[in-house]
file run.txt (compact mmCIF, C-alpha atoms)
# COMPACT_ATOMS: atom_id res chain seq x y z
CA MET A 1 19.47 15.61 -2.55
CA ARG A 2 18.68 12.38 -4.40
CA LEU A 3 15.68 10.27 -3.45
CA THR A 4 14.77 6.62 -3.94
CA VAL A 5 11.18 5.36 -3.84
CA VAL A 6 10.32 1.79 -2.96
CA GLY A 7 6.94 1.26 -4.58
CA ASN A 8 5.00 -0.18 -7.49
CA PRO A 9 6.33 1.76 -10.51
CA ALA A 10 3.04 2.28 -12.35
CA ASN A 11 1.13 3.26 -9.22
CA ARG A 12 -0.29 6.78 -8.99
CA ARG A 13 1.35 7.27 -5.59
CA VAL A 14 4.81 6.87 -7.10
CA GLU A 15 3.90 9.04 -10.07
CA MET A 16 2.52 11.87 -7.92
CA PHE A 17 5.51 11.87 -5.60
CA THR A 18 7.85 11.87 -8.60
CA ARG A 19 6.09 14.94 -10.02
CA ALA A 20 6.51 16.75 -6.70
CA VAL A 21 10.21 15.92 -6.59
CA LEU A 22 10.79 17.15 -10.14
CA ALA A 23 8.76 20.31 -9.51
CA ALA A 24 11.11 21.12 -6.63
CA GLY A 25 14.05 21.04 -9.03
CA LEU A 26 15.46 17.78 -7.66
CA PRO A 27 16.69 14.85 -9.76
CA ARG A 28 14.15 12.23 -10.75
CA PRO A 29 13.96 9.71 -7.92
CA GLU A 30 15.12 6.19 -8.53
CA VAL A 31 12.28 3.68 -8.20
CA LEU A 32 13.01 0.33 -6.56
CA PRO A 33 10.01 -1.91 -7.31
CA TRP A 34 8.47 -3.81 -4.44
CA ALA A 35 8.57 -6.91 -6.61
CA ASP A 36 12.36 -6.59 -6.87
CA VAL A 37 12.72 -6.09 -3.12
CA LEU A 38 10.71 -9.23 -2.42
CA ALA A 39 12.70 -11.16 -5.02
CA GLY A 40 15.96 -10.34 -3.23
CA ALA A 41 17.26 -7.19 -4.94
CA ALA A 42 20.08 -5.32 -3.25
CA PRO A 43 18.80 -2.69 -0.80
CA PRO A 44 19.45 1.04 -1.21
CA PRO A 45 22.95 1.85 0.06
CA ALA A 46 23.95 3.82 3.13
CA GLY A 47 23.43 7.51 2.53
CA ALA A 48 20.43 7.04 0.26
CA LEU A 49 17.23 8.90 1.22
CA VAL A 50 14.39 6.44 0.75
CA ARG A 51 10.63 6.82 0.70
CA VAL A 52 8.80 3.52 1.21
CA ASP A 53 5.41 3.61 -0.46
CA SER A 54 2.44 1.28 -0.18
CA PRO A 55 2.86 -2.16 -1.78
CA GLY A 56 -0.90 -2.32 -2.41
CA GLU A 57 -2.91 -2.38 -5.64
CA ASP A 58 -0.60 -4.90 -7.33
CA PRO A 59 -1.80 -8.53 -7.40
CA GLN A 60 1.65 -9.93 -8.10
CA VAL A 61 3.24 -8.03 -5.21
CA ASP A 62 0.41 -9.17 -2.96
CA ARG A 63 1.09 -12.78 -3.94
CA MET A 64 4.79 -12.32 -3.18
CA LEU A 65 4.06 -10.71 0.19
CA ARG A 66 1.89 -13.68 1.13
CA ARG A 67 4.41 -16.16 -0.32
CA ALA A 68 1.47 -17.77 -2.09
CA ALA A 69 1.55 -19.94 -5.18
CA THR A 70 -1.32 -18.10 -6.89
CA THR A 71 -2.67 -14.56 -6.93
CA ALA A 72 -5.78 -13.73 -4.96
CA ARG A 73 -9.04 -13.21 -6.78
CA PRO A 74 -10.04 -9.53 -7.15
CA GLY A 75 -11.05 -8.22 -3.74
CA GLU A 76 -10.46 -11.52 -1.95
CA LEU A 77 -9.67 -11.15 1.74
CA VAL A 78 -7.02 -13.80 2.15
CA GLY A 79 -3.69 -14.10 3.91
CA LEU A 80 -3.76 -10.73 5.66
CA ALA A 81 -1.38 -11.87 8.39
CA ASP A 82 0.93 -13.44 5.81
CA ALA A 83 0.94 -10.21 3.79
CA TYR A 84 1.83 -8.27 6.92
CA ALA A 85 4.69 -10.67 7.69
CA GLY A 86 5.89 -10.24 4.11
CA LEU A 87 5.74 -6.46 4.47
CA VAL A 88 7.79 -6.53 7.67
CA ASP A 89 10.34 -8.80 6.02
CA GLY A 90 10.47 -6.55 2.96
CA LEU A 91 10.99 -3.46 5.12
CA ALA A 92 13.88 -5.18 6.86
CA ARG A 93 15.44 -5.89 3.46
CA VAL A 94 15.06 -2.25 2.42
CA ALA A 95 16.68 -1.04 5.65
CA ALA A 96 19.49 -3.60 5.60
CA GLY A 97 21.79 -1.42 3.49
CA GLY A 98 21.80 1.41 6.02
CA ALA A 99 19.79 3.91 3.96
CA ASP A 100 17.92 6.76 5.66
CA LEU A 101 14.24 5.82 5.42
CA LEU A 102 11.56 8.51 5.39
CA ASN A 103 9.21 6.02 7.02
CA GLY A 104 11.16 3.76 9.32
CA ALA A 105 10.69 0.02 9.19
CA GLU A 106 9.62 -0.25 12.84
CA ASP A 107 7.16 2.64 12.51
CA VAL A 108 5.50 1.03 9.49
CA ALA A 109 5.39 -2.34 11.25
CA VAL A 110 3.52 -0.79 14.18
CA LEU A 111 1.22 1.35 12.03
CA CYS A 112 0.18 -1.67 9.96
CA ASP A 113 -0.78 -3.66 13.06
CA LYS A 114 -3.86 -2.07 14.62
CA ARG A 115 -3.31 -3.83 17.93
CA ARG A 116 0.27 -2.59 18.31
CA CYS A 117 -0.64 0.89 17.12
CA HIS A 118 -3.52 1.14 19.60
CA ALA A 119 -1.19 0.13 22.43
CA VAL A 120 1.41 2.76 21.45
CA LEU A 121 -1.21 5.51 21.27
CA THR A 122 -2.77 4.49 24.56
CA ALA A 123 0.61 4.56 26.29
CA ALA A 124 1.20 8.07 24.92
CA GLY A 125 -2.10 9.38 26.28
CA VAL A 126 -3.69 9.78 22.86
CA PRO A 127 -7.51 9.62 22.98
CA VAL A 128 -8.55 6.40 21.25
CA PRO A 129 -11.61 4.17 21.55
CA GLN A 130 -11.32 1.49 24.18
CA ALA A 131 -10.39 -1.93 22.84
CA LEU A 132 -11.44 -5.41 23.86
CA PRO A 133 -8.89 -8.07 24.78
CA LEU A 134 -7.84 -10.31 21.91
CA VAL A 135 -10.71 -12.41 20.58
CA GLY A 136 -10.34 -15.54 18.48
CA GLY A 137 -13.80 -15.77 16.98
CA TYR A 138 -17.43 -14.74 17.18
CA ALA A 139 -18.27 -16.55 20.41
CA GLN A 140 -15.36 -14.91 22.22
CA LEU A 141 -16.32 -11.57 20.69
CA ARG A 142 -19.87 -11.72 22.00
CA ALA A 143 -18.65 -12.84 25.44
CA ALA A 144 -16.14 -9.99 25.60
CA MET A 145 -18.77 -7.46 24.52
CA ALA A 146 -21.12 -8.70 27.22
CA ALA A 147 -18.38 -8.53 29.86
CA ALA A 148 -17.57 -4.94 28.84
CA GLY A 149 -21.22 -3.94 28.62
CA TRP A 150 -20.84 -2.81 25.02
CA ALA A 151 -23.64 -3.16 22.49
CA ARG A 152 -21.75 -1.68 19.51
CA VAL A 153 -18.21 -2.29 18.31
CA PHE A 154 -16.02 -2.06 15.27
CA VAL A 155 -14.41 -5.36 14.38
CA LYS A 156 -11.27 -4.70 12.32
CA PRO A 157 -8.75 -7.04 10.71
CA ALA A 158 -5.52 -6.38 12.58
CA HIS A 159 -3.67 -5.83 9.31
CA GLY A 160 -6.36 -4.38 7.08
CA SER A 161 -6.61 -0.99 5.38
CA SER A 162 -9.15 1.17 3.54
CA ALA A 163 -12.03 -0.35 5.56
CA ALA A 164 -11.38 -3.75 3.97
CA GLY A 165 -12.96 -6.37 6.19
CA VAL A 166 -14.18 -3.89 8.81
CA ILE A 167 -17.50 -4.74 10.49
CA ALA A 168 -19.64 -2.26 12.42
CA LEU A 169 -21.47 -4.65 14.75
CA ALA A 170 -24.52 -3.76 16.84
CA VAL A 171 -26.33 -6.20 19.11
CA GLY A 172 -29.53 -5.94 21.10
CA PRO A 173 -32.27 -8.11 22.53
CA GLY A 174 -33.16 -10.57 19.80
CA ARG A 175 -31.28 -8.76 17.04
CA VAL A 176 -27.81 -8.48 15.55
CA GLN A 177 -26.72 -6.22 12.69
CA ALA A 178 -23.38 -6.04 10.89
CA VAL A 179 -22.57 -3.23 8.46
CA THR A 180 -19.52 -4.08 6.38
CA THR A 181 -17.79 -3.97 3.02
CA ILE A 182 -17.51 -7.77 3.08
CA GLU A 183 -19.24 -9.92 0.50
CA HIS A 184 -19.70 -13.37 2.00
CA THR A 185 -19.62 -16.32 -0.39
CA PRO A 186 -19.59 -20.06 0.38
CA ASP A 187 -15.84 -20.37 -0.18
CA ALA A 188 -14.35 -16.94 0.58
CA LEU A 189 -14.73 -13.37 1.77
CA PHE A 190 -14.37 -10.48 -0.66
CA ASN A 191 -13.89 -6.78 -0.07
CA SER A 192 -16.48 -4.74 -1.93
CA LEU A 193 -17.13 -1.10 -2.73
CA ARG A 194 -20.75 -1.70 -1.76
CA VAL A 195 -21.57 -1.56 1.95
CA ARG A 196 -23.79 -4.44 3.04
CA ARG A 197 -26.00 -5.12 6.05
CA TYR A 198 -26.22 -8.59 7.53
CA THR A 199 -28.83 -9.48 10.15
CA ASP A 200 -28.56 -13.28 10.20
CA GLU A 201 -26.42 -14.09 13.23
CA PRO A 202 -25.04 -17.43 11.99
CA GLU A 203 -23.85 -15.71 8.82
CA ILE A 204 -22.29 -12.86 10.81
CA ALA A 205 -20.60 -15.42 13.04
CA ALA A 206 -19.23 -17.23 9.99
CA ILE A 207 -17.76 -13.99 8.64
CA VAL A 208 -16.06 -13.12 11.93
CA ASP A 209 -14.75 -16.64 12.35
CA ARG A 210 -13.24 -16.53 8.86
CA LEU A 211 -11.46 -13.26 9.61
CA ALA A 212 -10.26 -14.26 13.08
CA PRO A 213 -7.26 -16.47 12.15
CA ASP A 214 -5.52 -13.46 10.59
CA GLY A 215 -6.03 -11.43 13.78
CA LEU A 216 -8.78 -9.08 14.96
CA HIS A 217 -8.79 -5.73 16.72
CA VAL A 218 -12.10 -4.76 18.32
CA GLU A 219 -12.89 -1.22 19.46
CA ARG A 220 -15.87 0.38 21.11
CA TRP A 221 -18.10 2.11 18.57
CA LEU A 222 -18.13 5.76 19.59
CA PRO A 223 -20.88 8.06 18.27
CA LYS A 224 -19.43 10.53 15.78
CA ALA A 225 -20.53 14.12 15.46
CA GLY A 226 -22.60 15.02 12.45
CA LEU A 227 -23.13 17.84 9.99
CA GLY A 228 -26.55 17.94 8.40
CA ASP A 229 -27.76 14.41 7.78
CA ARG A 230 -24.29 12.83 7.74
CA VAL A 231 -21.75 11.76 10.33
CA VAL A 232 -18.25 13.06 9.74
CA ASP A 233 -14.63 12.42 10.51
CA VAL A 234 -11.39 13.95 9.22
CA ARG A 235 -8.29 12.56 7.55
CA VAL A 236 -5.47 14.75 8.83
CA LEU A 237 -2.06 14.53 7.19
CA VAL A 238 0.80 15.36 9.54
CA VAL A 239 4.12 16.11 7.81
CA ALA A 240 7.28 16.44 9.91
CA GLY A 241 5.16 16.86 13.02
CA ARG A 242 2.88 19.56 11.61
CA PRO A 243 -0.77 19.00 10.62
CA THR A 244 -0.98 20.30 7.07
CA HIS A 245 -3.80 18.84 4.95
CA ALA A 246 -7.26 17.83 6.12
CA VAL A 247 -10.17 16.17 4.33
CA VAL A 248 -13.65 15.88 5.86
CA ARG A 249 -15.37 12.57 5.11
CA ALA A 250 -19.16 12.60 5.39
CA ALA A 251 -21.37 9.50 5.35
CA ARG A 252 -24.88 8.37 6.16
CA GLY A 253 -23.55 5.14 7.67
CA PRO A 254 -20.69 4.11 9.94
CA MET A 255 -18.10 3.75 7.12
CA THR A 256 -16.80 7.16 6.03
CA ASN A 257 -14.09 6.14 3.53
CA LEU A 258 -14.43 8.21 0.38
CA HIS A 259 -13.83 5.29 -1.99
CA LEU A 260 -17.10 3.78 -0.70
CA GLY A 261 -19.10 6.55 -2.35
CA ASN A 262 -19.13 8.95 0.57
CA ALA A 263 -18.77 12.71 0.16
CA ARG A 264 -16.10 15.23 1.00
CA GLY A 265 -17.48 17.59 3.63
CA ASP A 266 -16.85 21.24 4.27
CA LEU A 267 -13.75 21.73 6.44
CA ALA A 268 -14.69 25.29 7.39
CA GLU A 269 -18.11 24.08 8.57
CA LEU A 270 -16.54 21.32 10.63
CA ARG A 271 -14.02 23.68 12.21
CA ALA A 272 -16.80 26.09 13.09
CA ALA A 273 -18.78 23.27 14.73
CA ALA A 274 -15.75 22.13 16.72
CA GLY A 275 -14.87 25.70 17.72
CA PRO A 276 -11.36 27.19 17.86
CA ARG A 277 -10.45 25.46 21.11
CA GLY A 278 -11.81 22.10 19.99
CA TRP A 279 -9.99 22.25 16.67
CA SER A 280 -6.75 23.37 18.31
CA ALA A 281 -6.96 20.52 20.82
CA ALA A 282 -7.56 18.03 18.01
CA MET A 283 -4.53 19.29 16.09
CA GLU A 284 -2.41 19.01 19.25
CA THR A 285 -3.54 15.38 19.44
CA CYS A 286 -2.43 14.85 15.85
CA GLU A 287 0.98 16.29 16.71
CA ARG A 288 1.17 13.90 19.68
CA VAL A 289 0.37 10.99 17.38
CA ALA A 290 3.12 11.97 14.95
CA ALA A 291 5.61 12.18 17.83
CA CYS A 292 4.91 8.51 18.54
CA PHE A 293 6.46 7.76 15.13
CA PRO A 294 9.56 9.96 14.84
CA GLY A 295 10.94 7.85 12.02
CA SER A 296 8.03 8.78 9.75
CA LEU A 297 8.03 11.87 7.58
CA HIS A 298 4.25 11.66 7.44
CA VAL A 299 1.31 9.90 9.04
CA GLY A 300 -2.35 9.99 7.98
CA ILE A 301 -4.68 10.24 10.97
CA ASP A 302 -8.39 9.46 10.95
CA LEU A 303 -9.75 11.82 13.57
CA MET A 304 -13.31 11.87 14.81
CA PHE A 305 -15.15 14.43 16.88
CA LEU A 306 -17.68 12.76 19.12
CA ALA A 307 -21.36 13.63 19.27
CA GLY A 308 -21.74 17.03 20.91
CA TRP A 309 -18.36 18.20 19.55
CA ARG A 310 -16.79 18.39 23.01
CA ARG A 311 -14.39 15.48 22.63
CA HIS A 312 -12.37 13.84 19.90
CA ALA A 313 -10.59 10.54 19.36
CA VAL A 314 -8.20 8.94 16.91
CA ALA A 315 -9.77 6.08 14.99
CA GLU A 316 -6.80 5.06 12.80
CA VAL A 317 -3.24 6.04 11.99
CA ASN A 318 -2.08 5.19 8.48
CA ALA A 319 1.49 4.60 7.35
CA PHE A 320 0.52 5.32 3.73
CA GLY A 321 -2.23 7.88 4.34
CA ASP A 322 -0.98 10.69 2.12
CA LEU A 323 -2.96 9.99 -1.06
CA LEU A 324 -5.13 13.13 -0.98
CA PRO A 325 -5.53 14.20 -4.61
CA GLY A 326 -6.65 17.76 -5.16
CA VAL A 327 -6.13 18.86 -1.56
CA LEU A 328 -3.76 21.83 -1.17
CA ALA A 329 -2.26 23.59 1.83
CA ASP A 330 -0.21 26.73 1.24
CA GLY A 331 -0.42 25.89 -2.44
CA ARG A 332 1.20 22.48 -2.00
CA ASP A 333 -0.37 19.05 -2.37
CA SER A 334 0.45 16.27 0.09
CA TYR A 335 3.54 15.14 -1.83
CA ALA A 336 4.90 18.63 -2.46
CA GLU A 337 4.51 19.31 1.26
CA GLN A 338 6.71 16.35 2.08
CA VAL A 339 9.36 17.39 -0.42
CA HIS A 340 9.27 20.91 1.05
CA ALA A 341 9.77 19.49 4.54
CA LEU A 342 12.86 17.70 3.26
CA THR A 343 14.40 20.57 1.30
CA SER A 344 13.69 23.18 3.99
CA GLY A 345 15.25 21.07 6.75
CA ARG A 346 11.99 20.93 8.71
CA TRP A 347 11.96 17.10 8.69
CA ARG A 348 15.51 16.94 10.06
CA ARG A 349 14.83 19.53 12.77
CA TRP A 350 11.55 17.94 13.89
CA ARG A 351 12.99 14.44 14.03
CA ALA A 352 15.96 15.65 16.08
CA ALA A 353 13.67 17.50 18.49
CA VAL A 354 11.40 14.49 19.04
CA GLU A 355 14.26 12.07 19.49
CA ALA A 356 15.92 14.43 21.97
CA ASP A 357 12.73 14.70 24.05
CA PRO A 358 10.82 11.42 23.67
CA VAL A 359 8.93 11.74 26.98
CA ARG A 360 5.88 13.92 26.49
CA GLU A 361 3.36 15.20 28.99
CA VAL A 362 0.54 12.69 29.11
CA LEU A 363 -2.94 14.16 29.14
CA PRO A 364 -6.06 12.22 30.16
CA CYS A 365 -7.95 11.19 27.08
CA GLY A 366 -11.42 11.04 28.59
CA VAL A 367 -12.66 8.48 26.06

call {"tool": "encode", "arguments": {"input": "run.txt", "output": "structure tokens"}}
result
Amino acid sequence: MRLTVVGNPANRRVEMFTRAVLAAGLPRPEVLPWADVLAGAAPPPAGALVRVDSPGEDPQVDRMLRRAATTARPGELVGLADAYAGLVDGLARVAAGGADLLNGAEDVAVLCDKRRCHAVLTAAGVPVPQALPLVGGYAQLRAAMAAAGWARVFVKPAHGSSAAGVIALAVGPGRVQAVTTIEHTPDALFNSLRVRRYTDEPEIAAIVDRLAPDGLHVERWLPKAGLGDRVVDVRVLVVAGRPTHAVVRAARGPMTNLHLGNARGDLAELRAAAGPRGWSAAMETCERVAACFPGSLHVGIDLMFLAGWRRHAVAEVNAFGDLLPGVLADGRDSYAEQVHALTSGRWRRWRAAVEADPVREVLPCGV
């Protein structure tokens, strides 16, 4: 078995996957840089086994995805729709040679568009927060919230990741509050590692209106369950249809992403709070999510238990959600688990089973 990785060569994702491949006794994978793909390099040939990794964290690749003349300033939220279009085009180039992709081009295209992903999950009966119809700016957002009777929503860039550009918006009589990673400047929006609170409605409106041209996805803000003085959710990695690794993310605010300074919680404590039946039901949901994307060796699912621990919902599904350093399951990290699924034949068997039986029993989500 010989693997090829499409990625940014110096990125830790590529390095960690390469270590897992070598540890399994396989040949060193060939690395096809994203920059070469976007510059027109020949795709991997038919018969090649190809992992497509995230094109993020490389300013030059970002510029090429957006087809822009200059690189973005550090953290600048610009051209998200253009970057998505560049990603889809790049995926098509990778697939054009007939290689066997470990994350199919169509799967990644859906997973990187929150609106399309939400629609797929809803159709499959996966419990997800309700979503508003498409909104083109702040005025439409407020009107849609009023029509739905919602006072709290999450406003998400349709093509964002890692909480970049996400706004937790709460409205009430005479008050508006937005919690977000966005730094608002006179000429641009920037993603920040510091969570900010805005209460000036014209400024909030300006932020939303700047994000809107690249596409918005707006979901009802559901109350998460908590442990101690923090709310929690769980990143669940599903490999070849099986939930394997899980990381609890605990925060004192609505954004739980660990890179924002939040803490890893205690998985055993969370499982005890959810109870055996609740945890089992949540893992069955994660399996259902993975079955929606049978061309993907792995998906990273952001799963939340709702206040009271009686229900759960899927907040996000990530195409490149396997960066979980230091987290082991059966002695394997997230990358070793994927290599094991390949070498053991589990990936091939699961994919064949899902493709042979694509119609699944649909359960009411209750959210």

call {"tool": "atom_distance", "arguments": {"input": "run.txt", "atom1": "atom CA of Val155 of chain A", "atom2": "atom CA of Gly136 of chain A"}}
result
11.7 Å

call {"tool": "closest_residue", "arguments": {"input": "run.txt", "among": "A:Glu30, A:Glu57, A:Asp200, A:Asp322", "to": "Leu3 of chain A", "atoms": "all atoms listed in the file"}}
result
A:Glu30

call {"tool": "atom_distance", "arguments": {"input": "run.txt", "atom1": "atom CA of Thr122 of chain A", "atom2": "atom CA of Thr244 of chain A"}}
result
23.6 Å

call {"tool": "residues_near_point", "arguments": {"input": "run.txt", "point": "(-22.1, -17.0, 1.2)", "cutoff": "12 Å", "atoms": "only C-alpha atoms", "output": "JSON, numbers by chain"}}
result
{"A": [182, 183, 184, 185, 186, 187, 188, 189, 190, 198, 200, 202, 203, 204, 206, 207, 210]}

call {"tool": "write_last_selection", "arguments": {"input": "run.txt", "atoms": "C-alpha atoms", "output": "tab-separated table (two decimals), keeping the file's coordinate frame"}}
result
chain	number	residue	atom	x	y	z
A	182	ILE	CA	-17.51	-7.77	3.08
A	183	GLU	CA	-19.24	-9.92	0.50
A	184	HIS	CA	-19.70	-13.37	2.00
A	185	THR	CA	-19.62	-16.32	-0.39
A	186	PRO	CA	-19.59	-20.06	0.38
A	187	ASP	CA	-15.84	-20.37	-0.18
A	188	ALA	CA	-14.35	-16.94	0.58
A	189	LEU	CA	-14.73	-13.37	1.77
A	190	PHE	CA	-14.37	-10.48	-0.66
A	198	TYR	CA	-26.22	-8.59	7.53
A	200	ASP	CA	-28.56	-13.28	10.20
A	202	PRO	CA	-25.04	-17.43	11.99
A	203	GLU	CA	-23.85	-15.71	8.82
A	204	ILE	CA	-22.29	-12.86	10.81
A	206	ALA	CA	-19.23	-17.23	9.99
A	207	ILE	CA	-17.76	-13.99	8.64
A	210	ARG	CA	-13.24	-16.53	8.86

call {"tool": "residues_around", "arguments": {"input": "run.txt", "residues": "Pro27 of chain A", "least_positions_apart": "6", "cutoff": "10 Å", "atoms": "all atoms listed in the file", "output": "number ranges by chain"}}
result
A: 1-3, 18, 21

call {"tool": "atom_distance", "arguments": {"input": "run.txt", "atom1": "atom CA of Ala42 of chain A", "atom2": "atom CA of Asn103 of chain A"}}
result
18.8 Å

call {"tool": "closest_residue", "arguments": {"input": "run.txt", "among": "A:Ala46, A:Val317, A:Leu211, A:Ala10", "to": "Leu32 of chain A", "atoms": "all atoms listed in the file"}}
result
A:Ala10

call {"tool": "residues_around", "arguments": {"input": "run.txt", "residues": "segment 68-70 of chain A", "least_positions_apart": "4", "cutoff": "12 Å", "atoms": "only C-alpha atoms", "output": "compact mmCIF listing (two decimals) with C-alpha atoms, in the coordinates of the input"}}
result
# COMPACT_ATOMS: atom_id res chain seq x y z
CA PRO A 59 -1.80 -8.53 -7.40
CA GLN A 60 1.65 -9.93 -8.10
CA VAL A 61 3.24 -8.03 -5.21
CA ASP A 62 0.41 -9.17 -2.96
CA ARG A 63 1.09 -12.78 -3.94
CA MET A 64 4.79 -12.32 -3.18
CA VAL A 78 -7.02 -13.80 2.15
CA GLY A 79 -3.69 -14.10 3.91
CA LEU A 80 -3.76 -10.73 5.66
CA ASP A 82 0.93 -13.44 5.81
CA ALA A 83 0.94 -10.21 3.79
CA GLY A 86 5.89 -10.24 4.11
